[in-house]
>>> print(open('protein-v3.cif').read())   # mmCIF, C-alpha atoms and all ligand atoms
data_protein
#
loop_
_atom_site.label_atom_id
_atom_site.label_comp_id
_atom_site.auth_asym_id
_atom_site.auth_seq_id
_atom_site.Cartn_x
_atom_site.Cartn_y
_atom_site.Cartn_z
CA MET A 1 218.32 157.51 -26.97
CA LYS A 2 214.77 156.26 -26.29
CA HIS A 3 213.03 153.25 -27.82
CA PRO A 4 210.78 154.56 -30.65
CA SER A 5 207.52 153.17 -29.21
CA VAL A 6 207.74 154.85 -25.79
CA PRO A 7 207.31 158.56 -25.10
CA GLU A 8 210.31 160.81 -24.88
CA ILE A 9 211.16 162.57 -21.63
CA LEU A 10 211.44 166.25 -22.51
CA ALA A 11 213.36 168.29 -19.95
CA PRO A 12 213.69 172.05 -19.46
CA ALA A 13 217.05 173.72 -20.03
CA GLY A 14 217.24 177.34 -18.91
CA SER A 15 220.95 177.64 -19.77
CA LEU A 16 223.66 175.79 -21.68
CA GLU A 17 224.92 174.21 -18.48
CA LYS A 18 221.44 173.01 -17.52
CA LEU A 19 221.05 171.57 -21.00
CA LYS A 20 224.20 169.51 -20.47
CA VAL A 21 222.93 168.38 -17.05
CA ALA A 22 219.54 167.29 -18.46
CA VAL A 23 221.17 165.44 -21.37
CA LEU A 24 223.72 163.64 -19.18
CA TYR A 25 221.04 162.65 -16.66
CA GLY A 26 218.95 160.90 -19.31
CA ALA A 27 216.50 163.34 -20.97
CA HIS A 28 215.59 162.26 -24.52
CA ALA A 29 214.92 165.84 -25.61
CA VAL A 30 215.30 169.32 -24.10
CA TYR A 31 213.61 172.65 -24.75
CA VAL A 32 215.41 175.96 -24.62
CA GLY A 33 214.78 179.64 -25.27
CA GLY A 34 216.70 182.15 -27.34
CA GLN A 35 217.12 185.79 -26.29
CA LYS A 36 213.72 186.71 -27.73
CA PHE A 37 210.32 185.25 -28.63
CA GLY A 38 210.00 182.95 -25.57
CA LEU A 39 207.94 183.14 -22.39
CA ARG A 40 210.72 183.20 -19.80
CA THR A 41 212.45 186.55 -20.01
CA ALA A 42 214.06 185.95 -16.59
CA ALA A 43 215.73 182.65 -17.59
CA ASP A 44 219.40 182.72 -18.70
CA ASN A 45 218.25 182.43 -22.28
CA PHE A 46 220.68 181.14 -24.91
CA THR A 47 222.75 183.39 -27.14
CA LEU A 48 223.05 182.34 -30.79
CA ASP A 49 226.43 180.69 -30.11
CA GLU A 50 225.07 178.90 -27.03
CA LEU A 51 222.16 177.55 -29.07
CA LYS A 52 224.61 176.06 -31.57
CA ALA A 53 226.80 174.64 -28.79
CA GLY A 54 223.74 173.18 -27.03
CA LEU A 55 222.44 171.56 -30.20
CA ASP A 56 225.85 170.06 -30.98
CA PHE A 57 226.23 168.71 -27.43
CA ALA A 58 222.74 167.17 -27.47
CA HIS A 59 222.91 165.77 -31.01
CA GLU A 60 226.23 164.07 -30.31
CA ARG A 61 224.38 162.13 -27.61
CA GLY A 62 221.22 161.37 -29.64
CA VAL A 63 219.11 164.00 -27.82
CA LYS A 64 216.76 166.45 -29.58
CA VAL A 65 216.52 170.17 -28.93
CA TYR A 66 213.35 172.23 -29.34
CA VAL A 67 213.45 176.03 -29.26
CA VAL A 68 210.54 178.00 -27.80
CA LEU A 69 209.01 180.78 -29.90
CA ASN A 70 205.82 180.76 -27.87
CA SER A 71 205.40 184.41 -27.03
CA PHE A 72 202.32 186.12 -28.44
CA LEU A 73 203.76 188.70 -30.83
CA HIS A 74 202.55 192.07 -32.03
CA ASP A 75 203.36 193.12 -35.62
CA LYS A 76 206.30 195.24 -34.45
CA ASP A 77 207.86 192.16 -32.76
CA LEU A 78 207.64 189.95 -35.84
CA PHE A 79 210.14 191.65 -38.13
CA GLU A 80 213.23 190.10 -36.51
CA LEU A 81 211.79 186.59 -36.49
CA PRO A 82 212.65 185.46 -40.08
CA GLU A 83 216.42 185.86 -39.52
CA PHE A 84 216.23 183.95 -36.24
CA VAL A 85 214.18 181.17 -37.82
CA LYS A 86 216.70 180.82 -40.68
CA TYR A 87 219.50 180.57 -38.11
CA LEU A 88 217.61 177.89 -36.16
CA GLU A 89 217.25 175.84 -39.32
CA GLU A 90 220.92 176.29 -40.18
CA ILE A 91 222.02 174.89 -36.79
CA LYS A 92 219.61 171.94 -37.19
CA THR A 93 217.04 172.76 -34.51
CA ASP A 94 214.76 169.73 -34.15
CA ALA A 95 211.55 171.74 -33.71
CA VAL A 96 210.21 175.10 -32.61
CA ILE A 97 207.42 175.47 -30.05
CA VAL A 98 204.90 178.07 -31.18
CA SER A 99 201.58 179.42 -29.95
CA ASP A 100 200.81 182.32 -32.29
CA LEU A 101 199.42 181.80 -35.82
CA GLY A 102 201.56 184.68 -37.13
CA VAL A 103 204.65 182.87 -35.86
CA VAL A 104 203.46 179.58 -37.41
CA LYS A 105 203.14 181.37 -40.76
CA THR A 106 206.57 182.98 -40.47
CA VAL A 107 208.28 179.70 -39.52
CA ARG A 108 206.63 177.91 -42.45
CA GLU A 109 207.55 180.69 -44.86
CA TYR A 110 211.23 180.83 -43.91
CA SER A 111 212.08 177.24 -42.93
CA GLN A 112 211.14 173.59 -42.86
CA ILE A 113 211.68 173.26 -39.09
CA PRO A 114 208.98 171.03 -37.54
CA ILE A 115 206.42 173.08 -35.58
CA HIS A 116 205.11 172.02 -32.18
CA ILE A 117 202.07 173.95 -30.97
CA SER A 118 202.67 175.27 -27.46
CA THR A 119 200.40 174.57 -24.51
CA GLN A 120 199.74 178.35 -24.60
CA ALA A 121 197.45 177.68 -27.57
CA SER A 122 195.18 175.68 -25.20
CA THR A 123 194.41 172.87 -27.63
CA LEU A 124 191.78 170.72 -25.95
CA ASN A 125 189.93 168.92 -28.74
CA VAL A 126 190.22 166.94 -31.99
CA HIS A 127 188.93 169.73 -34.29
CA SER A 128 191.45 172.18 -32.97
CA ALA A 129 194.25 169.60 -33.34
CA LYS A 130 193.23 168.92 -36.94
CA LEU A 131 193.29 172.64 -37.74
CA TRP A 132 196.79 173.03 -36.31
CA LYS A 133 197.89 170.04 -38.36
CA LYS A 134 196.48 171.70 -41.50
CA ALA A 135 198.39 174.85 -40.59
CA GLY A 136 201.64 172.86 -40.67
CA ALA A 137 202.14 171.59 -37.10
CA SER A 138 203.61 168.13 -36.53
CA ARG A 139 202.98 168.02 -32.77
CA ILE A 140 200.67 169.59 -30.22
CA VAL A 141 201.49 170.26 -26.59
CA LEU A 142 197.98 169.92 -25.20
CA GLY A 143 196.46 172.26 -22.65
CA ARG A 144 197.00 171.06 -19.10
CA GLU A 145 193.24 170.77 -18.73
CA VAL A 146 193.14 167.62 -20.94
CA SER A 147 193.22 164.16 -19.33
CA VAL A 148 195.55 161.43 -20.62
CA LYS A 149 192.52 159.50 -21.94
CA GLU A 150 191.25 162.56 -23.84
CA ALA A 151 194.77 163.10 -25.18
CA GLY A 152 194.85 159.53 -26.53
CA LYS A 153 191.58 160.19 -28.39
CA ILE A 154 192.93 163.45 -29.86
CA LYS A 155 196.06 161.62 -31.03
CA ARG A 156 194.13 158.77 -32.66
CA GLU A 157 191.54 160.97 -34.37
CA ALA A 158 193.74 163.89 -35.42
CA GLN A 159 196.72 161.64 -36.28
CA ILE A 160 199.28 164.05 -34.88
CA GLU A 161 202.07 163.76 -32.29
CA ILE A 162 200.92 164.64 -28.79
CA GLU A 163 202.98 166.09 -25.96
CA MET A 164 201.69 166.46 -22.39
CA PHE A 165 203.07 167.91 -19.18
CA ILE A 166 203.99 165.23 -16.65
CA HIS A 167 205.71 167.35 -13.99
CA GLY A 168 206.20 170.87 -12.69
CA SER A 169 204.53 174.10 -11.68
CA MET A 170 200.98 174.72 -12.84
CA CYS A 171 199.31 177.85 -14.10
CA MET A 172 195.99 178.71 -12.45
CA ALA A 173 194.69 180.12 -15.72
CA TYR A 174 194.10 178.28 -18.97
CA SER A 175 197.78 177.61 -19.62
CA GLY A 176 198.92 181.19 -19.54
CA HIS A 177 195.78 183.02 -20.60
CA CYS A 178 196.03 185.30 -17.62
CA VAL A 179 196.75 188.99 -17.46
CA ILE A 180 196.91 189.56 -13.69
CA SER A 181 200.61 190.45 -13.99
CA ASN A 182 199.82 192.89 -16.81
CA PHE A 183 197.23 194.73 -14.73
CA THR A 184 198.92 194.63 -11.35
CA GLN A 185 202.62 194.93 -12.26
CA GLY A 186 202.71 196.14 -15.86
CA ARG A 187 204.30 192.84 -16.88
CA ASP A 188 202.86 190.92 -19.83
CA SER A 189 202.47 187.26 -18.80
CA ASN A 190 202.05 186.10 -22.36
CA ARG A 191 205.16 187.83 -23.59
CA GLY A 192 207.54 186.53 -20.94
CA GLY A 193 206.78 188.71 -17.92
CA CYS A 194 204.55 186.60 -15.65
CA ALA A 195 205.04 187.85 -12.06
CA HIS A 196 203.39 184.74 -10.55
CA SER A 197 200.65 186.85 -9.06
CA CYS A 198 198.68 183.65 -8.44
CA ARG A 199 201.24 182.67 -5.79
CA PHE A 200 200.65 185.78 -3.67
CA GLU A 201 198.72 185.84 -0.42
CA TYR A 202 195.26 187.36 -0.86
CA SER A 203 192.78 188.54 1.73
CA LEU A 204 189.25 187.11 1.66
CA GLU A 205 186.25 188.64 3.42
CA ASP A 206 183.04 186.71 4.07
CA LEU A 207 180.37 189.36 3.46
CA SER A 208 177.79 187.58 5.63
CA THR A 209 180.00 187.39 8.73
CA LEU A 210 182.54 190.11 7.84
CA GLU A 211 185.16 187.56 8.86
CA LYS A 212 188.49 188.13 7.11
CA LYS A 213 191.11 185.53 6.34
CA LYS A 214 194.28 185.40 4.34
CA ALA A 215 194.76 182.67 1.78
CA TYR A 216 196.76 181.54 -1.23
CA PHE A 217 193.61 180.36 -2.95
CA MET A 218 194.88 180.95 -6.51
CA SER A 219 198.08 178.94 -6.13
CA SER A 220 198.15 175.43 -7.58
CA LYS A 221 200.06 172.45 -6.28
CA ASP A 222 202.78 171.11 -8.59
CA LEU A 223 202.04 168.43 -11.17
CA GLU A 224 203.55 164.97 -10.64
CA GLY A 225 202.61 162.08 -12.95
CA LEU A 226 205.16 159.38 -12.18
CA ARG A 227 202.59 156.64 -11.45
CA LEU A 228 200.72 157.50 -14.65
CA LEU A 229 203.59 156.51 -16.96
CA PRO A 230 201.81 153.24 -17.95
CA LEU A 231 198.69 155.24 -18.89
CA PHE A 232 200.70 157.69 -21.04
CA ILE A 233 202.27 154.71 -22.84
CA GLU A 234 198.90 152.95 -23.28
CA GLU A 235 197.39 156.08 -24.85
CA GLY A 236 200.35 156.50 -27.22
CA ILE A 237 201.46 159.93 -25.95
CA ASP A 238 204.65 160.88 -27.79
CA SER A 239 206.36 163.25 -25.39
CA LEU A 240 206.23 163.87 -21.63
CA LYS A 241 207.25 167.35 -20.72
CA ILE A 242 208.79 168.56 -17.49
CA GLU A 243 208.07 172.22 -16.73
CA GLY A 244 210.77 174.51 -15.32
CA ARG A 245 213.29 176.38 -17.50
CA MET A 246 213.78 178.78 -14.58
CA LYS A 247 214.51 175.98 -12.11
CA SER A 248 217.86 174.74 -10.80
CA HIS A 249 220.51 172.41 -12.18
CA LEU A 250 219.52 169.95 -9.44
CA TYR A 251 215.92 170.07 -10.66
CA ALA A 252 216.93 169.52 -14.31
CA GLY A 253 219.18 166.60 -13.36
CA THR A 254 216.85 164.93 -10.86
CA MET A 255 213.76 165.12 -13.07
CA SER A 256 215.59 163.88 -16.17
CA LYS A 257 217.06 160.98 -14.23
CA VAL A 258 213.94 159.88 -12.34
CA TYR A 259 211.51 160.03 -15.26
CA SER A 260 213.85 158.47 -17.85
CA GLU A 261 214.85 155.72 -15.42
CA ALA A 262 211.22 154.95 -14.49
CA LEU A 263 210.12 155.02 -18.12
CA GLY A 264 213.01 152.77 -19.16
CA PHE A 265 212.19 150.27 -16.41
CA TYR A 266 208.49 150.15 -17.26
CA SER A 267 209.10 149.83 -21.01
CA GLU A 268 211.37 146.86 -20.42
CA HIS A 269 209.46 145.04 -17.68
CA HIS A 270 205.84 146.22 -18.23
CA HIS A 271 205.36 146.77 -14.51
CA PHE A 272 206.85 148.81 -11.67
CA LEU A 273 208.33 147.44 -8.47
CA SER A 274 206.87 149.21 -5.47
CA ASP A 275 210.32 149.72 -3.92
CA ASP A 276 211.49 151.51 -7.06
CA LEU A 277 208.38 153.68 -7.16
CA LEU A 278 208.93 154.75 -3.57
CA ARG A 279 212.60 155.50 -4.29
CA TRP A 280 211.74 157.61 -7.37
CA GLU A 281 209.01 159.46 -5.47
CA GLU A 282 211.45 160.16 -2.67
CA GLU A 283 213.84 161.65 -5.23
CA LEU A 284 211.08 163.88 -6.65
CA LYS A 285 210.44 165.17 -3.13
CA ARG A 286 214.09 166.06 -2.64
CA VAL A 287 213.94 169.01 -5.02
CA SER A 288 212.21 172.21 -4.01
CA HIS A 289 208.50 171.80 -4.75
CA ARG A 290 204.99 172.58 -3.61
CA ASP A 291 202.78 169.62 -2.65
CA TYR A 292 202.16 167.35 -5.61
CA THR A 293 198.94 166.72 -7.53
CA GLN A 294 198.00 164.81 -10.68
CA ALA A 295 195.92 167.92 -11.56
CA SER A 296 193.67 167.03 -14.53
CA LEU A 297 195.64 164.07 -15.89
CA VAL A 298 192.97 161.62 -14.68
CA GLU A 299 190.07 163.60 -13.12
CA LYS A 300 189.43 167.33 -13.48
CA ALA A 301 191.54 169.33 -11.03
CA GLY A 302 189.51 170.82 -8.16
CA ALA A 303 189.94 172.20 -4.67
CA GLN A 304 192.30 169.33 -3.80
CA SER A 305 194.81 170.80 -6.26
CA ILE A 306 195.04 174.18 -4.51
CA PHE A 307 198.28 174.75 -2.63
CA ASN A 308 196.95 177.02 0.07
CA GLU A 309 200.31 177.75 1.66
CA ARG A 310 203.25 180.08 1.54
CA GLU A 311 205.81 179.27 -1.19
CA ASN A 312 208.63 176.78 -0.72
CA SER A 313 206.90 174.71 1.88
CA THR A 314 208.85 171.59 1.03
CA GLU A 315 209.54 168.39 2.84
CA GLY A 316 213.08 167.08 3.05
CA GLN A 317 214.64 169.82 0.97
CA TRP A 318 218.15 169.35 -0.41
CA ARG A 319 220.36 171.97 -1.93
CA MET A 320 222.93 171.58 -4.67
CA VAL A 321 226.35 172.45 -3.27
CA GLY A 322 228.39 171.96 -6.42
CA SER A 323 229.28 169.93 -9.48
CA VAL A 324 232.25 167.70 -10.16
CA VAL A 325 234.84 169.12 -12.57
CA GLU A 326 237.36 166.30 -12.23
CA ALA A 327 237.39 162.94 -10.43
CA ASN A 328 240.17 160.37 -10.26
CA PRO A 329 242.23 158.72 -7.49
CA LYS A 330 245.15 161.13 -8.03
CA ALA A 331 243.28 164.46 -8.16
CA GLY A 332 240.48 163.41 -5.78
CA ILE A 333 237.08 164.96 -6.50
CA VAL A 334 237.48 168.56 -7.66
CA VAL A 335 234.23 170.43 -7.03
CA GLU A 336 233.03 173.75 -8.34
CA VAL A 337 231.20 175.07 -5.28
CA ARG A 338 227.74 176.63 -5.77
CA ASN A 339 226.59 176.81 -2.15
CA ALA A 340 228.93 176.68 0.83
CA PHE A 341 229.41 173.47 2.80
CA ASN A 342 231.59 172.61 5.78
CA LYS A 343 234.13 170.02 6.73
CA GLY A 344 232.26 167.02 8.12
CA ASP A 345 229.03 167.65 6.15
CA GLU A 346 227.29 164.60 4.74
CA LEU A 347 226.96 165.06 1.00
CA GLU A 348 225.29 163.01 -1.69
CA ILE A 349 226.45 162.61 -5.28
CA LEU A 350 223.91 162.01 -8.01
CA PRO A 351 225.38 159.67 -10.61
CA PHE A 352 223.90 159.85 -14.14
CA LYS A 353 222.46 156.36 -13.56
CA GLY A 354 221.92 154.14 -10.53
CA PRO A 355 221.92 154.70 -6.76
CA ASN A 356 223.20 157.89 -5.14
CA ILE A 357 226.70 157.90 -3.65
CA SER A 358 227.10 159.10 -0.05
CA LEU A 359 230.18 161.09 0.77
CA VAL A 360 231.35 162.76 3.98
CA ALA A 361 233.44 165.89 3.47
CA SER A 362 235.98 164.49 5.94
CA GLU A 363 238.72 166.58 4.40
CA ILE A 364 238.43 169.64 2.17
CA GLN A 365 241.42 171.17 0.40
CA ASP A 366 241.85 174.13 -1.90
CA LEU A 367 243.62 173.52 -5.22
CA SER A 368 247.05 174.07 -3.61
CA ARG A 369 246.12 171.23 -1.22
CA LYS A 370 245.80 173.51 1.79
CA GLU A 371 243.15 172.26 4.21
CA ILE A 372 239.98 174.39 4.61
CA LEU A 373 237.04 174.13 6.98
CA ARG A 374 234.31 175.93 5.02
CA THR A 375 233.94 176.28 1.26
CA LYS A 376 232.93 179.45 -0.58
CA PRO A 377 230.63 179.67 -3.61
CA THR A 378 232.34 179.91 -7.05
CA THR A 379 235.61 178.41 -5.76
CA LEU A 380 237.19 175.07 -6.65
CA VAL A 381 237.87 172.63 -3.81
CA ARG A 382 239.14 169.09 -3.53
CA LEU A 383 237.44 166.20 -1.69
CA PRO A 384 238.77 162.66 -1.14
CA TYR A 385 238.13 160.38 -4.14
CA VAL A 386 235.20 157.98 -4.10
CA GLU A 387 234.76 155.27 -6.75
CA GLY A 388 232.01 155.89 -9.31
CA VAL A 389 232.15 159.70 -9.22
CA GLU A 390 232.46 161.37 -12.63
CA LYS A 391 232.87 164.80 -14.13
CA MET A 392 229.57 166.77 -14.23
CA HIS A 393 227.94 164.76 -11.42
CA LEU A 394 225.88 167.01 -9.14
CA ILE A 395 226.48 167.12 -5.38
CA ARG A 396 223.78 167.97 -2.86
CA HIS A 397 223.46 168.51 0.85
CA ARG A 398 220.37 168.21 3.05
CA ILE A 399 219.26 171.59 4.39
CA SER A 400 216.09 170.64 6.28
CA PRO A 401 214.97 167.43 8.04
S1 LIG B 501 200.19 184.72 -12.66
FE1 LIG B 501 199.88 182.53 -12.29
S2 LIG B 501 197.96 182.05 -13.36
FE2 LIG B 501 198.73 183.99 -14.20
S3 LIG B 501 199.97 183.43 -15.98
FE3 LIG B 501 201.34 183.59 -14.23
S4 LIG B 501 201.47 181.45 -13.46
FE4 LIG B 501 199.66 181.57 -14.75
#
>>> encode(input="protein-v3.cif", output="structure tokens", more="lines below")
Ligand code: SF4
Amino acid sequence: MKHPSVPEILAPAGSLEKLKVAVLYGAHAVYVGGQKFGLRTAADNFTLDELKAGLDFAHERGVKVYVVLNSFLHDKDLFELPEFVKYLEEIKTDAVIVSDLGVVKTVREYSQIPIHISTQASTLNVHSAKLWKKAGASRIVLGREVSVKEAGKIKREAQIEIEMFIHGSMCMAYSGHCVISNFTQGRDSNRGGCAHSCRFEYSLEDLSTLEKKKAYFMSSKDLEGLRLLPLFIEEGIDSLKIEGRMKSHLYAGTMSKVYSEALGFYSEHHHFLSDDLLRWEEELKRVSHRDYTQASLVEKAGAQSIFNERENSTEGQWRMVGSVVEANPKAGIVVEVRNAFNKGDELEILPFKGPNISLVASEIQDLSRKEILRTKPTTLVRLPYVEGVEKMHLIRHRISP
């Protein structure tokens, strides 16, 4: 649980398992999507039972759960919403994240669940924040175009909780107000179907020279605001959001751990140690990412924030190979394998807190203790026990230098 005067770290959870990972690795709150009404139709969205299980798991550990209802809905989509909203209240959902006024009205009419206004609403100023507050919102997730300083002003003048993105993929449009996917692929970006058309390679022609070149000029670098934590605290920002419900378990765990650890250290000591900063930054680079930018958190984002490269150009990429299902001296480390690894591979275990644990797969056994040389995804294997390893720890393996 976080100290009340520092922002919460709000992590994405695209599935029940990712929710558990984010919670165990230190997130103070998580956001999830149900089967409908969210913006990530391709995520493993939660069934009604999974929502209840996720809320129970998080609440038992003092962590809040927000449910996204941030799709823009047509009248024909709204009729099923009241029942869903009543269910969310019954299972004690901590807040819903909404962008559409019709949804705000429905949530208010059928429940008392706190309403957070989604970044999709592109709130950028005090007047707009005050209007949302009047409409019943308790928090606003500001547009990514607002700086931390501007956000502090909006918070002070509108007297409302403020949430800002601190990490993750960026949208090249005003936080989702883009219909390229609708026009080019028949997929509605604002109702969950964004095809990431901004990440494609486009051809440019200079009309004066007729010179042609290919470029990814609409693709943004990824947001990374680790060094700005003191500024977020100074400006009284309530919640720091990590983008990425579609991203991996390793992403959910690493981000939750790094940001909550860094925030905890700064809140206690009121400064960072440069060695720690470098270590945290190194961890952030170990998950798949585009180059990082602070986008508009301090200065307005410009050409320096364009990621003019093919996707997945990452430095030092690591891949999750599995998670621990049991660990003790007798059983060894029983691993549920996600991606194959070989005997002799150097692995790294991410504990929920503290330094990573190195482990060489010097011996791999199946559950009947027969030795194997190469693991297969979805199987259970046994590795020699190493002190400090616990159930649910993630295991990774370096896949590029
Ligand atoms: S295609 Fe790109 S700019 Fe458009 S909504 Fe999707 S992420 Fe945003």
>>> residues_around(input="protein-v3.cif", residues="region 251-263 of chain A", least_positions_apart="6", cutoff="7 Å", atoms="all atoms listed in the file", output="list in words")
Ile9, Ala11, Pro12, Lys18, Val21, Ala22, Tyr25, Gly26, Ala27, Leu229, Trp280, Val287 and Phe352 of chain A
>>> write_last_selection(input="protein-v3.cif", atoms="C-alpha atoms", output="PDB file, in the coordinates of the input")
ATOM      1  CA  ILE A   9     211.160 162.570 -21.630  1.00  0.00           C
ATOM      2  CA  ALA A  11     213.360 168.290 -19.950  1.00  0.00           C
ATOM      3  CA  PRO A  12     213.690 172.050 -19.460  1.00  0.00           C
ATOM      4  CA  LYS A  18     221.440 173.010 -17.520  1.00  0.00           C
ATOM      5  CA  VAL A  21     222.930 168.380 -17.050  1.00  0.00           C
ATOM      6  CA  ALA A  22     219.540 167.290 -18.460  1.00  0.00           C
ATOM      7  CA  TYR A  25     221.040 162.650 -16.660  1.00  0.00           C
ATOM      8  CA  GLY A  26     218.950 160.900 -19.310  1.00  0.00           C
ATOM      9  CA  ALA A  27     216.500 163.340 -20.970  1.00  0.00           C
ATOM     10  CA  LEU A 229     203.590 156.510 -16.960  1.00  0.00           C
ATOM     11  CA  TRP A 280     211.740 157.610  -7.370  1.00  0.00           C
ATOM     12  CA  VAL A 287     213.940 169.010  -5.020  1.00  0.00           C
ATOM     13  CA  PHE A 352     223.900 159.850 -14.140  1.00  0.00           C
TER      14      PHE A 352
END
>>> residues_near_ligand(input="protein-v3.cif", ligand="ligand LIG 501 (chain B)", cutoff="8 Å", atoms="all atoms listed in the file", output="NGL selection string")
:A and (170-181 or 189-190 or 194-199 or 218-219)
>>> atom_distance(input="protein-v3.cif", atom1="CA of Ser323 (chain A)", atom2="CA of Leu394 (chain A)")
4.5 Å
>>> axis_aligned_box(input="protein-v3.cif", around="region 257-275 of chain A", padding_each_side="6 Å", output="lines of an AutoDock Vina configuration file")
center_x = 211.2
center_y = 153.0
center_z = -12.5
size_x = 23.7
size_y = 27.9
size_z = 29.1
>>> closest_residue(input="protein-v3.cif", among="A:Arg156, A:Arg279, A:Lys214, A:His74", to="Pro355 (chain A)", atoms="only C-alpha atoms")
A:Arg279
>>> atom_distance(input="protein-v3.cif", atom1="CA of Val103 (chain A)", atom2="CA of Leu124 (chain A)")
20.3 Å
